[in-house]
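Visitor: Structure in structure tokens, see below.
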Amino acid sequence: QSRLVESGGGLVQPGGSLRLSCEASGFSLDIYTVAWFRQAPGRAREGVSYISNTGQTTNYAESVKRRFTISRDNAKRTVWLQMNNLKPEDPAVYYCAADTVFPETGYWDTEELYGDYWGQGTQVTVAS
């Protein structure tokens, strides 16, 4: 069964780091753009970061710029989200999503564009 599998979530202190992984199982990621979204309790899901299928183009939400880094290795069928200097506003369930559609400039964080695959989510908690 083809699916995306996230891992790497957990509990970290403010200022700490986590690296989330999004692995494609049963299919190749080569032609897929991938985005990370997150959803905190009582809040709408929001886009965090995006990477094109080749890795040449990346985008970040303003709230995570200069703290988070997205990367990918298509040979390993994996996309990572390195999260540094985690803040109290970062806790959420983090999801990765993939689609073959290339979003227009400025629309990378539109959930509806990612209809092919969604992962099950991984919980990130920031607490001292």
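Every chain in the structure tokens has a letter given in the order shown (A, B, ...), and although residue numbers restart at 1 in each chain, ligands are simply numbered from 1 in the order shown.
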Give me the residues within 9 Å of Asn59 (chain A) as a JSON list (two decimals) with N, CA, C and O atoms, in the first residue's frame, counting only C-alpha atoms and dropping any in the same chain fewer than 3 places off.
Guide:
[["chain", "number", "residue", "atom", "x", "y", "z"],
["A", 48, "VAL", "N", 3.66, 24.82, 6.73],
["A", 48, "VAL", "CA", 4.91, 25.11, 7.41],
["A", 48, "VAL", "C", 6.05, 25.29, 6.42],
["A", 48, "VAL", "O", 6.81, 26.26, 6.49],
["A", 49, "SER", "N", 6.16, 24.34, 5.48],
["A", 49, "SER", "CA", 7.26, 24.41, 4.53],
["A", 49, "SER", "C", 6.95, 23.57, 3.31],
["A", 49, "SER", "O", 6.08, 22.68, 3.35],
["A", 50, "TYR", "N", 7.68, 23.84, 2.24],
["A", 50, "TYR", "CA", 7.43, 23.18, 0.95],
["A", 50, "TYR", "C", 8.77, 22.95, 0.25],
["A", 50, "TYR", "O", 9.71, 23.74, 0.40],
["A", 51, "ILE", "N", 8.83, 21.84, -0.49],
["A", 51, "ILE", "CA", 10.02, 21.58, -1.30],
["A", 51, "ILE", "C", 9.57, 21.00, -2.64],
["A", 51, "ILE", "O", 8.71, 20.12, -2.68],
["A", 65, "LYS", "N", 10.67, 30.70, 9.45],
["A", 65, "LYS", "CA", 11.85, 31.05, 8.66],
["A", 65, "LYS", "C", 13.06, 31.23, 9.56],
["A", 65, "LYS", "O", 12.96, 31.76, 10.67],
["A", 70, "ILE", "N", 13.89, 22.52, 5.33],
["A", 70, "ILE", "CA", 13.34, 21.35, 4.66],
["A", 70, "ILE", "C", 14.37, 20.84, 3.65],
["A", 70, "ILE", "O", 15.10, 21.62, 3.03],
["A", 108, "TRP", "N", 1.89, 27.60, -2.25],
["A", 108, "TRP", "CA", 2.45, 26.31, -1.84],
["A", 108, "TRP", "C", 1.76, 25.75, -0.60],
["A", 108, "TRP", "O", 1.78, 24.56, -0.36],
["A", 109, "ASP", "N", 1.15, 26.63, 0.20],
["A", 109, "ASP", "CA", 0.55, 26.18, 1.46],
["A", 109, "ASP", "C", -0.96, 25.95, 1.35],
["A", 109, "ASP", "O", -1.66, 25.92, 2.37]]
Visitor: Please provide as a list of chain:residue names all residues within 8 Å of Val5 (chain A), with the sequence filter that same-chain residues fewer than 2 positions apart are discarded (counting only C-alpha atoms).
Guide: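 The residues satisfying every condition are A:Arg3, A:Ser7, A:Ser21, A:Cys22, A:Glu23, A:Ala24, A:Ser25, A:Gly119, A:Gln120, A:Gly121.
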Visitor: In terms of the shortest atom-to-atom distance over only C-alpha atoms, which of A:Tyr32, A:Ser17, A:Glu46, A:Leu11 is closest to Asp99 (chain A)?
Guide: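 Ranked by minimum distance to Asp99 (chain A), first place goes to A:Tyr32.
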Visitor: Restricting the calculation to only C-alpha atoms: of A:Asn85, A:Arg45, A:Glu62, A:Thr125, which residue gets closest to Thr110 (chain A)?
Guide: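 The closest residue to Thr110 (chain A) is A:Arg45.
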Visitor: To one decimal in Å, tell me the separation between CA of Glu111 (chain A) and CA of Trp36 (chain A).
Guide: 10.0 Å
Visitor: From a DSSP calculation on the backbone, collect every residue of region 27-92 of chain A in helix (DSSP H, G or I) and output the set as a list in words.
Guide: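 Put together, the selection reads Glu62, Ser63, Val64, Asn74, Ala75 and Lys76 of chain A.
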Visitor: Let me see the file: selected residues, N, CA, C and O atoms, as a PDB file, in the first residue's frame.
Guide:
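Written file, part-v4.pdb:
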ATOM      1  N   GLU A  62       6.298  32.349   7.500  1.00  0.00           N
ATOM      2  CA  GLU A  62       7.073  33.401   8.152  1.00  0.00           C
ATOM      3  C   GLU A  62       7.457  33.025   9.578  1.00  0.00           C
ATOM      4  O   GLU A  62       8.552  33.349  10.049  1.00  0.00           O
ATOM      5  N   SER A  63       6.579  32.327  10.246  1.00  0.00           N
ATOM      6  CA  SER A  63       6.790  32.000  11.661  1.00  0.00           C
ATOM      7  C   SER A  63       7.932  31.008  11.886  1.00  0.00           C
ATOM      8  O   SER A  63       8.408  30.866  13.018  1.00  0.00           O
ATOM      9  N   VAL A  64       8.363  30.319  10.828  1.00  0.00           N
ATOM     10  CA  VAL A  64       9.412  29.314  11.013  1.00  0.00           C
ATOM     11  C   VAL A  64      10.678  29.622  10.219  1.00  0.00           C
ATOM     12  O   VAL A  64      11.666  28.887  10.306  1.00  0.00           O
ATOM     13  N   ASN A  74      15.691  11.945  -2.755  1.00  0.00           N
ATOM     14  CA  ASN A  74      14.757  11.100  -3.505  1.00  0.00           C
ATOM     15  C   ASN A  74      15.211   9.640  -3.554  1.00  0.00           C
ATOM     16  O   ASN A  74      14.378   8.735  -3.610  1.00  0.00           O
ATOM     17  N   ALA A  75      16.498   9.419  -3.528  1.00  0.00           N
ATOM     18  CA  ALA A  75      16.992   8.039  -3.529  1.00  0.00           C
ATOM     19  C   ALA A  75      16.555   7.306  -2.259  1.00  0.00           C
ATOM     20  O   ALA A  75      16.332   6.089  -2.276  1.00  0.00           O
ATOM     21  N   LYS A  76      16.421   8.053  -1.169  1.00  0.00           N
ATOM     22  CA  LYS A  76      15.972   7.468   0.095  1.00  0.00           C
ATOM     23  C   LYS A  76      14.462   7.626   0.276  1.00  0.00           C
ATOM     24  O   LYS A  76      13.924   7.241   1.323  1.00  0.00           O
TER      25      LYS A  76
END
Visitor: From a DSSP calculation on the backbone, collect every residue of region 20-57 of chain A in strand (DSSP E) and output the set as a ChimeraX atom specification.
Guide: /A:20-25,33-39,46-51
Visitor: Find, counting only C-alpha atoms, the residue in A:Ala92, A:Ala61, A:Ala97, A:Leu86 that gets nearest to Pro14 (chain A).
Guide: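 Counting only C-alpha atoms, the residue closest to Pro14 (chain A) is A:Leu86.
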Visitor: What does the structure give for the distance between CA of Gly16 (chain A) and CA of Thr33 (chain A), in Å to one decimal?
Guide: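 CA of Thr33 (chain A) lies at a distance of 27.8 Å from CA of Gly16 (chain A).
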Visitor: Expressed in Å to a single decimal, how great is the separation between CA of Leu20 (chain A) and CA of Ala98 (chain A)?
Guide: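 Atom-to-atom, CA of Leu20 (chain A) and CA of Ala98 (chain A) are spaced 15.3 Å apart.
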Visitor: Could you tell me which of A:Leu113, A:Ala35, A:Leu18, A:Ala127 comes closest to Arg72 (chain A) if we count only C-alpha atoms?
Guide: A:Ala35
Visitor: Using only C-alpha atoms, which of A:Tyr95, A:Trp80, A:Tyr60, A:Phe68 sits nearest Tyr107 (chain A)?
Guide: A:Tyr60
Visitor: Of the residues A:Arg43, A:Gln13, A:Arg19, A:Glu6, which is the one nearest to Cys96 (chain A), using only C-alpha atoms?
Guide: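 The closest residue to Cys96 (chain A) is A:Glu6.
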